[in-house]
>>> print(open('model_28.cif').read())   # mmCIF, C-alpha atoms; chains and numbers go by the auth columns
data_query
#
loop_
_atom_site.group_PDB
_atom_site.id
_atom_site.type_symbol
_atom_site.label_atom_id
_atom_site.label_comp_id
_atom_site.label_asym_id
_atom_site.label_seq_id
_atom_site.Cartn_x
_atom_site.Cartn_y
_atom_site.Cartn_z
_atom_site.B_iso_or_equiv
_atom_site.auth_seq_id
_atom_site.auth_asym_id
ATOM 1 C CA MET A 1 0.968 19.785 -5.106 0.00 1 K
ATOM 2 C CA ASN A 2 3.178 19.316 -8.133 0.00 2 K
ATOM 3 C CA GLU A 3 1.409 19.287 -11.524 0.00 3 K
ATOM 4 C CA SER A 4 3.961 16.870 -13.049 0.00 4 K
ATOM 5 C CA CYS A 5 3.966 14.418 -10.107 0.00 5 K
ATOM 6 C CA PHE A 6 2.326 11.028 -10.697 0.00 6 K
ATOM 7 C CA ILE A 7 1.261 10.694 -7.034 0.00 7 K
ATOM 8 C CA CYS A 8 -0.110 14.246 -6.810 0.00 8 K
ATOM 9 C CA ASN A 9 -2.084 13.589 -9.997 0.00 9 K
ATOM 10 C CA LYS A 10 -3.324 10.278 -8.573 0.00 10 K
ATOM 11 C CA HIS A 11 -4.567 12.060 -5.450 0.00 11 K
ATOM 12 C CA ASN A 12 -6.355 14.679 -7.562 0.00 12 K
ATOM 13 C CA GLY A 13 -8.129 12.051 -9.668 0.00 13 K
ATOM 14 C CA LYS A 14 -6.177 12.838 -12.849 0.00 14 K
ATOM 15 C CA VAL A 15 -4.654 9.329 -12.882 0.00 15 K
ATOM 16 C CA ASN A 16 -6.727 6.179 -12.407 0.00 16 K
ATOM 17 C CA THR A 17 -5.194 3.246 -10.558 0.00 17 K
ATOM 18 C CA SER A 18 -6.294 -0.279 -9.670 0.00 18 K
ATOM 19 C CA GLY A 19 -8.626 -0.944 -6.787 0.00 19 K
ATOM 20 C CA ILE A 20 -10.289 1.585 -4.533 0.00 20 K
ATOM 21 C CA THR A 21 -9.087 3.917 -1.808 0.00 21 K
ATOM 22 C CA ILE A 22 -8.481 1.850 1.310 0.00 22 K
ATOM 23 C CA TYR A 23 -7.958 4.752 3.700 0.00 23 K
ATOM 24 C CA GLU A 24 -7.633 8.514 3.469 0.00 24 K
ATOM 25 C CA ASP A 25 -7.231 11.345 5.939 0.00 25 K
ATOM 26 C CA GLU A 26 -5.685 14.811 5.767 0.00 26 K
ATOM 27 C CA TYR A 27 -2.119 13.367 5.727 0.00 27 K
ATOM 28 C CA VAL A 28 -2.130 10.052 3.839 0.00 28 K
ATOM 29 C CA LEU A 29 -3.900 8.105 1.123 0.00 29 K
ATOM 30 C CA VAL A 30 -3.746 4.299 0.990 0.00 30 K
ATOM 31 C CA GLY A 31 -4.466 2.214 -2.084 0.00 31 K
ATOM 32 C CA HIS A 32 -3.257 -0.813 -4.002 0.00 32 K
ATOM 33 C CA PHE A 33 -0.233 -0.753 -6.302 0.00 33 K
ATOM 34 C CA ASP A 34 -1.137 -0.545 -9.977 0.00 34 K
ATOM 35 C CA LYS A 35 0.571 -2.482 -12.785 0.00 35 K
ATOM 36 C CA ARG A 36 -1.122 -0.331 -15.446 0.00 36 K
ATOM 37 C CA GLY A 37 -3.482 -2.874 -16.924 0.00 37 K
ATOM 38 C CA LYS A 38 -1.389 -5.949 -16.143 0.00 38 K
ATOM 39 C CA GLN A 39 -2.225 -8.481 -13.443 0.00 39 K
ATOM 40 C CA ASN A 40 -1.404 -7.070 -9.998 0.00 40 K
ATOM 41 C CA TYR A 41 0.458 -8.816 -7.184 0.00 41 K
ATOM 42 C CA LEU A 42 -2.350 -9.075 -4.647 0.00 42 K
ATOM 43 C CA GLY A 43 -1.352 -7.339 -1.437 0.00 43 K
ATOM 44 C CA HIS A 44 1.058 -4.677 -2.724 0.00 44 K
ATOM 45 C CA ILE A 45 -0.262 -1.611 -0.914 0.00 45 K
ATOM 46 C CA MET A 46 0.839 2.007 -1.223 0.00 46 K
ATOM 47 C CA VAL A 47 0.796 4.494 1.645 0.00 47 K
ATOM 48 C CA ASP A 48 1.221 7.944 0.082 0.00 48 K
ATOM 49 C CA LEU A 49 1.890 11.132 1.976 0.00 49 K
ATOM 50 C CA LYS A 50 -0.547 13.696 0.607 0.00 50 K
ATOM 51 C CA ARG A 51 1.812 16.643 0.851 0.00 51 K
ATOM 52 C CA HIS A 52 4.390 16.688 -1.937 0.00 52 K
ATOM 53 C CA VAL A 53 7.744 16.021 -0.267 0.00 53 K
ATOM 54 C CA PRO A 54 10.506 13.751 -1.589 0.00 54 K
ATOM 55 C CA SER A 55 11.436 11.683 1.462 0.00 55 K
ATOM 56 C CA LEU A 56 10.862 10.694 5.063 0.00 56 K
ATOM 57 C CA ALA A 57 13.131 13.515 6.257 0.00 57 K
ATOM 58 C CA GLU A 58 10.731 16.266 5.147 0.00 58 K
ATOM 59 C CA MET A 59 7.650 15.068 7.043 0.00 59 K
ATOM 60 C CA THR A 60 6.218 17.123 9.869 0.00 60 K
ATOM 61 C CA ILE A 61 5.886 15.398 13.236 0.00 61 K
ATOM 62 C CA GLN A 62 2.125 14.970 12.747 0.00 62 K
ATOM 63 C CA GLU A 63 2.612 13.543 9.249 0.00 63 K
ATOM 64 C CA ALA A 64 5.219 11.120 10.596 0.00 64 K
ATOM 65 C CA LYS A 65 2.928 9.973 13.423 0.00 65 K
ATOM 66 C CA THR A 66 0.038 9.394 11.037 0.00 66 K
ATOM 67 C CA PHE A 67 2.250 7.744 8.406 0.00 67 K
ATOM 68 C CA GLY A 68 3.694 5.319 10.972 0.00 68 K
ATOM 69 C CA ILE A 69 0.369 4.460 12.573 0.00 69 K
ATOM 70 C CA VAL A 70 -1.302 3.875 9.206 0.00 70 K
ATOM 71 C CA MET A 71 1.656 1.754 8.052 0.00 71 K
ATOM 72 C CA SER A 72 1.284 -0.420 11.149 0.00 72 K
ATOM 73 C CA LYS A 73 -2.489 -0.769 10.873 0.00 73 K
ATOM 74 C CA VAL A 74 -2.424 -1.644 7.174 0.00 74 K
ATOM 75 C CA SER A 75 0.348 -4.197 7.805 0.00 75 K
ATOM 76 C CA LYS A 76 -1.801 -5.799 10.493 0.00 76 K
ATOM 77 C CA ALA A 77 -4.767 -5.802 8.104 0.00 77 K
ATOM 78 C CA LEU A 78 -2.704 -7.616 5.453 0.00 78 K
ATOM 79 C CA LYS A 79 -1.800 -10.284 8.003 0.00 79 K
ATOM 80 C CA GLU A 80 -5.343 -10.644 9.301 0.00 80 K
ATOM 81 C CA THR A 81 -7.401 -10.394 6.117 0.00 81 K
ATOM 82 C CA GLU A 82 -5.002 -11.839 3.536 0.00 82 K
ATOM 83 C CA ASN A 83 -3.127 -14.323 5.732 0.00 83 K
ATOM 84 C CA ALA A 84 0.234 -12.685 4.955 0.00 84 K
ATOM 85 C CA GLU A 85 3.005 -14.259 6.992 0.00 85 K
ATOM 86 C CA HIS A 86 5.226 -11.200 6.578 0.00 86 K
ATOM 87 C CA VAL A 87 4.822 -7.645 5.287 0.00 87 K
ATOM 88 C CA TYR A 88 7.746 -5.890 3.629 0.00 88 K
ATOM 89 C CA ALA A 89 8.017 -2.103 3.891 0.00 89 K
ATOM 90 C CA LEU A 90 10.010 -0.175 1.316 0.00 90 K
ATOM 91 C CA VAL A 91 10.604 3.512 0.629 0.00 91 K
ATOM 92 C CA SER A 92 12.736 4.111 -2.433 0.00 92 K
ATOM 93 C CA GLY A 93 11.912 7.413 -4.107 0.00 93 K
ATOM 94 C CA ASN A 94 14.040 6.656 -7.166 0.00 94 K
ATOM 95 C CA SER A 95 11.215 6.744 -9.711 0.00 95 K
ATOM 96 C CA VAL A 96 8.752 9.179 -8.140 0.00 96 K
ATOM 97 C CA PRO A 97 10.086 11.936 -5.846 0.00 97 K
ATOM 98 C CA HIS A 98 6.907 12.060 -3.755 0.00 98 K
ATOM 99 C CA LEU A 99 7.021 10.178 -0.454 0.00 99 K
ATOM 100 C CA HIS A 100 5.244 6.847 -0.675 0.00 100 K
ATOM 101 C CA LEU A 101 5.704 3.558 1.128 0.00 101 K
ATOM 102 C CA HIS A 102 5.290 0.130 -0.448 0.00 102 K
ATOM 103 C CA LEU A 103 3.807 -2.541 1.838 0.00 103 K
ATOM 104 C CA VAL A 104 4.127 -5.936 0.169 0.00 104 K
ATOM 105 C CA ALA A 105 2.569 -9.078 1.612 0.00 105 K
ATOM 106 C CA ARG A 106 4.522 -12.330 1.585 0.00 106 K
ATOM 107 C CA TYR A 107 2.268 -15.336 1.704 0.00 107 K
ATOM 108 C CA PRO A 108 2.788 -18.777 3.250 0.00 108 K
ATOM 109 C CA ASN A 109 4.702 -21.219 1.050 0.00 109 K
ATOM 110 C CA THR A 110 6.538 -18.484 -0.841 0.00 110 K
ATOM 111 C CA PRO A 111 9.914 -20.093 -1.678 0.00 111 K
ATOM 112 C CA LYS A 112 12.826 -18.367 0.093 0.00 112 K
ATOM 113 C CA GLU A 113 14.452 -17.364 -3.189 0.00 113 K
ATOM 114 C CA PHE A 114 11.430 -15.098 -3.752 0.00 114 K
ATOM 115 C CA TRP A 115 11.491 -13.447 -0.320 0.00 115 K
ATOM 116 C CA GLY A 116 11.768 -9.684 -0.692 0.00 116 K
ATOM 117 C CA PRO A 117 9.443 -6.827 -1.602 0.00 117 K
ATOM 118 C CA MET A 118 10.203 -7.012 -5.326 0.00 118 K
ATOM 119 C CA GLU A 119 11.417 -10.607 -5.507 0.00 119 K
ATOM 120 C CA VAL A 120 7.871 -11.885 -4.905 0.00 120 K
ATOM 121 C CA TYR A 121 7.005 -10.662 -8.409 0.00 121 K
ATOM 122 C CA ASP A 122 9.409 -13.200 -9.918 0.00 122 K
ATOM 123 C CA TRP A 123 7.641 -16.178 -8.341 0.00 123 K
ATOM 124 C CA ALA A 124 5.629 -18.004 -11.017 0.00 124 K
ATOM 125 C CA GLU A 125 2.949 -18.938 -8.465 0.00 125 K
ATOM 126 C CA ALA A 126 2.666 -15.476 -6.912 0.00 126 K
ATOM 127 C CA PRO A 127 -0.947 -14.451 -6.216 0.00 127 K
ATOM 128 C CA MET A 128 -1.703 -12.178 -9.147 0.00 128 K
ATOM 129 C CA GLY A 129 -5.137 -10.777 -9.802 0.00 129 K
ATOM 130 C CA SER A 130 -7.405 -8.645 -11.929 0.00 130 K
ATOM 131 C CA ASN A 131 -8.737 -5.242 -10.942 0.00 131 K
ATOM 132 C CA ASP A 132 -11.888 -6.921 -9.578 0.00 132 K
ATOM 133 C CA GLU A 133 -9.737 -9.056 -7.269 0.00 133 K
ATOM 134 C CA VAL A 134 -7.764 -5.974 -6.221 0.00 134 K
ATOM 135 C CA ILE A 135 -11.029 -4.176 -5.399 0.00 135 K
ATOM 136 C CA GLU A 136 -12.164 -7.091 -3.221 0.00 136 K
ATOM 137 C CA LEU A 137 -8.815 -7.136 -1.394 0.00 137 K
ATOM 138 C CA CYS A 138 -9.044 -3.363 -0.859 0.00 138 K
ATOM 139 C CA ARG A 139 -12.559 -3.738 0.542 0.00 139 K
ATOM 140 C CA ARG A 140 -11.427 -6.432 2.999 0.00 140 K
ATOM 141 C CA ILE A 141 -8.590 -4.242 4.261 0.00 141 K
ATOM 142 C CA LYS A 142 -10.815 -1.155 4.401 0.00 142 K
ATOM 143 C CA THR A 143 -13.469 -3.029 6.402 0.00 143 K
ATOM 144 C CA PHE A 144 -10.811 -4.389 8.776 0.00 144 K
ATOM 145 C CA LEU A 145 -9.469 -0.875 9.386 0.00 145 K
ATOM 146 C CA GLN A 146 -12.968 0.501 9.962 0.00 146 K
ATOM 147 C CA ASN A 147 -13.747 -2.314 12.431 0.00 147 K
ATOM 148 C CA GLU A 148 -10.465 -1.716 14.274 0.00 148 K
ATOM 149 C CA ALA A 149 -11.248 2.016 14.500 0.00 149 K
ATOM 150 C CA GLN A 150 -14.689 1.204 15.970 0.00 150 K
ATOM 151 C CA SER A 151 -13.069 -1.149 18.507 0.00 151 K
ATOM 152 C CA GLU A 152 -10.670 1.601 19.564 0.00 152 K
ATOM 153 C CA LEU A 153 -13.643 3.884 20.286 0.00 153 K
ATOM 154 C CA SER A 154 -15.421 1.275 22.403 0.00 154 K
#
>>> encode(input="model_28.cif", output="structure tokens")
Amino acid sequence: MNESCFICNKHNGKVNTSGITIYEDEYVLVGHFDKRGKQNYLGHIMVDLKRHVPSLAEMTIQEAKTFGIVMSKVSKALKETENAEHVYALVSGNSVPHLHLHLVARYPNTPKEFWGPMEVYDWAEAPMGSNDEVIELCRRIKTFLQNEAQSELS
């Protein structure tokens, strides 16, 4: 953990963000992206590695397996529960040097000039929502993941 890291502080409850925790295990934490009080683009999900490392290259094999599996499952959940036609995946690390992955849903009828993980924000008709709407979206994804996990056990 790094005391000055936004993501470490988020994981320790020192920073509040929109929505609720969608998924958490010993390696990752999944939640919705937060626009700090502004309307949120509905379906911009964050997959954070819990251990403080700056990039994909520093993950252990187990962290990488978990990170990849969770990324895939959450992407599927966005398609199934939110009717996303595509899910963008982006790791940048420019602003916060703690490994985190952005999963951004693209919805049907999004004009091509707004295709891209950040371009969707420029679309005037992009699905933006309040914290209550983010919480509902998080609950749908969380329930989908829980149901999928139960199916895998059956």
>>> resolve_selection(input="model_28.cif", expression="the PyMOL selection byres ((chain K and resi 103-117) around 10)", output="PyMOL selection string")
chain K and resi 32-33+41-47+71-72+74-75+78-79+82-91+100-102+118-127
>>> closest_residue(input="model_28.cif", among="K:Asn9, K:Gln62, K:Asn40, K:Ser95", to="Glu26 in chain K", atoms="only C-alpha atoms")
K:Gln62
>>> closest_residue(input="model_28.cif", among="K:Ile22, K:Met59, K:Phe6, K:Gln39", to="Phe144 in chain K", atoms="all atoms listed in the file")
K:Ile22
>>> residues_around(input="model_28.cif", residues="Thr66 in chain K", least_positions_apart="2", cutoff="10 Å", atoms="only C-alpha atoms", output="PyMOL selection string")
chain K and resi 25-28+49+60-64+68-72
>>> write_last_selection(input="model_28.cif", atoms="C-alpha atoms", output="PDB file, keeping the file's coordinate frame")
ATOM      1  CA  ASP K  25      -7.231  11.345   5.939  1.00  0.00           C
ATOM      2  CA  GLU K  26      -5.685  14.811   5.767  1.00  0.00           C
ATOM      3  CA  TYR K  27      -2.119  13.367   5.727  1.00  0.00           C
ATOM      4  CA  VAL K  28      -2.130  10.052   3.839  1.00  0.00           C
ATOM      5  CA  LEU K  49       1.890  11.132   1.976  1.00  0.00           C
ATOM      6  CA  THR K  60       6.218  17.123   9.869  1.00  0.00           C
ATOM      7  CA  ILE K  61       5.886  15.398  13.236  1.00  0.00           C
ATOM      8  CA  GLN K  62       2.125  14.970  12.747  1.00  0.00           C
ATOM      9  CA  GLU K  63       2.612  13.543   9.249  1.00  0.00           C
ATOM     10  CA  ALA K  64       5.219  11.120  10.596  1.00  0.00           C
ATOM     11  CA  GLY K  68       3.694   5.319  10.972  1.00  0.00           C
ATOM     12  CA  ILE K  69       0.369   4.460  12.573  1.00  0.00           C
ATOM     13  CA  VAL K  70      -1.302   3.875   9.206  1.00  0.00           C
ATOM     14  CA  MET K  71       1.656   1.754   8.052  1.00  0.00           C
ATOM     15  CA  SER K  72       1.284  -0.420  11.149  1.00  0.00           C
TER      16      SER K  72
END
>>> closest_residue(input="model_28.cif", among="K:Gln146, K:Ser130, K:Ser55, K:Ser151", to="Gly19 in chain K", atoms="all atoms listed in the file")
K:Ser130
>>> closest_residue(input="model_28.cif", among="K:Val96, K:Val53, K:Leu29, K:Leu137", to="Phe67 in chain K", atoms="all atoms listed in the file")
K:Leu29
>>> build_atoms(input="model_28.cif", residues="range 88-105 of chain K", atoms="N, CA and C atoms", output="compact mmCIF listing (two decimals), keeping the file's coordinate frame")
# COMPACT_ATOMS: atom_id res chain seq x y z
N TYR K 88 6.56 -6.69 3.91
CA TYR K 88 7.75 -5.89 3.63
C TYR K 88 7.34 -4.43 3.55
N ALA K 89 8.23 -3.54 4.00
CA ALA K 89 8.02 -2.10 3.89
C ALA K 89 9.22 -1.51 3.17
N LEU K 90 8.94 -0.70 2.15
CA LEU K 90 10.01 -0.18 1.32
C LEU K 90 9.70 1.26 0.92
N VAL K 91 10.66 2.14 1.15
CA VAL K 91 10.60 3.51 0.63
C VAL K 91 11.84 3.67 -0.25
N SER K 92 11.61 3.97 -1.51
CA SER K 92 12.74 4.11 -2.43
C SER K 92 12.87 5.55 -2.90
N GLY K 93 11.88 6.04 -3.62
CA GLY K 93 11.91 7.41 -4.11
C GLY K 93 12.73 7.60 -5.37
N ASN K 94 13.23 6.52 -5.95
CA ASN K 94 14.04 6.66 -7.17
C ASN K 94 13.22 7.05 -8.37
N SER K 95 12.03 6.49 -8.52
CA SER K 95 11.22 6.74 -9.71
C SER K 95 10.29 7.94 -9.56
N VAL K 96 9.71 8.10 -8.38
CA VAL K 96 8.75 9.18 -8.14
C VAL K 96 9.19 9.93 -6.88
N PRO K 97 9.61 11.19 -7.02
CA PRO K 97 10.09 11.94 -5.85
C PRO K 97 8.96 12.53 -5.01
N HIS K 98 8.01 11.69 -4.65
CA HIS K 98 6.91 12.06 -3.76
C HIS K 98 6.82 10.92 -2.75
N LEU K 99 6.93 11.23 -1.47
CA LEU K 99 7.02 10.18 -0.45
C LEU K 99 5.86 9.20 -0.53
N HIS K 100 6.21 7.94 -0.69
CA HIS K 100 5.24 6.85 -0.68
C HIS K 100 5.95 5.60 -0.16
N LEU K 101 5.19 4.78 0.52
CA LEU K 101 5.70 3.56 1.13
C LEU K 101 5.02 2.37 0.47
N HIS K 102 5.82 1.39 0.08
CA HIS K 102 5.29 0.13 -0.45
C HIS K 102 5.17 -0.85 0.72
N LEU K 103 4.00 -1.43 0.91
CA LEU K 103 3.81 -2.54 1.84
C LEU K 103 3.47 -3.75 0.97
N VAL K 104 4.29 -4.78 1.05
CA VAL K 104 4.13 -5.94 0.17
C VAL K 104 3.98 -7.19 1.02
N ALA K 105 2.84 -7.85 0.86
CA ALA K 105 2.57 -9.08 1.61
C ALA K 105 3.41 -10.23 1.07
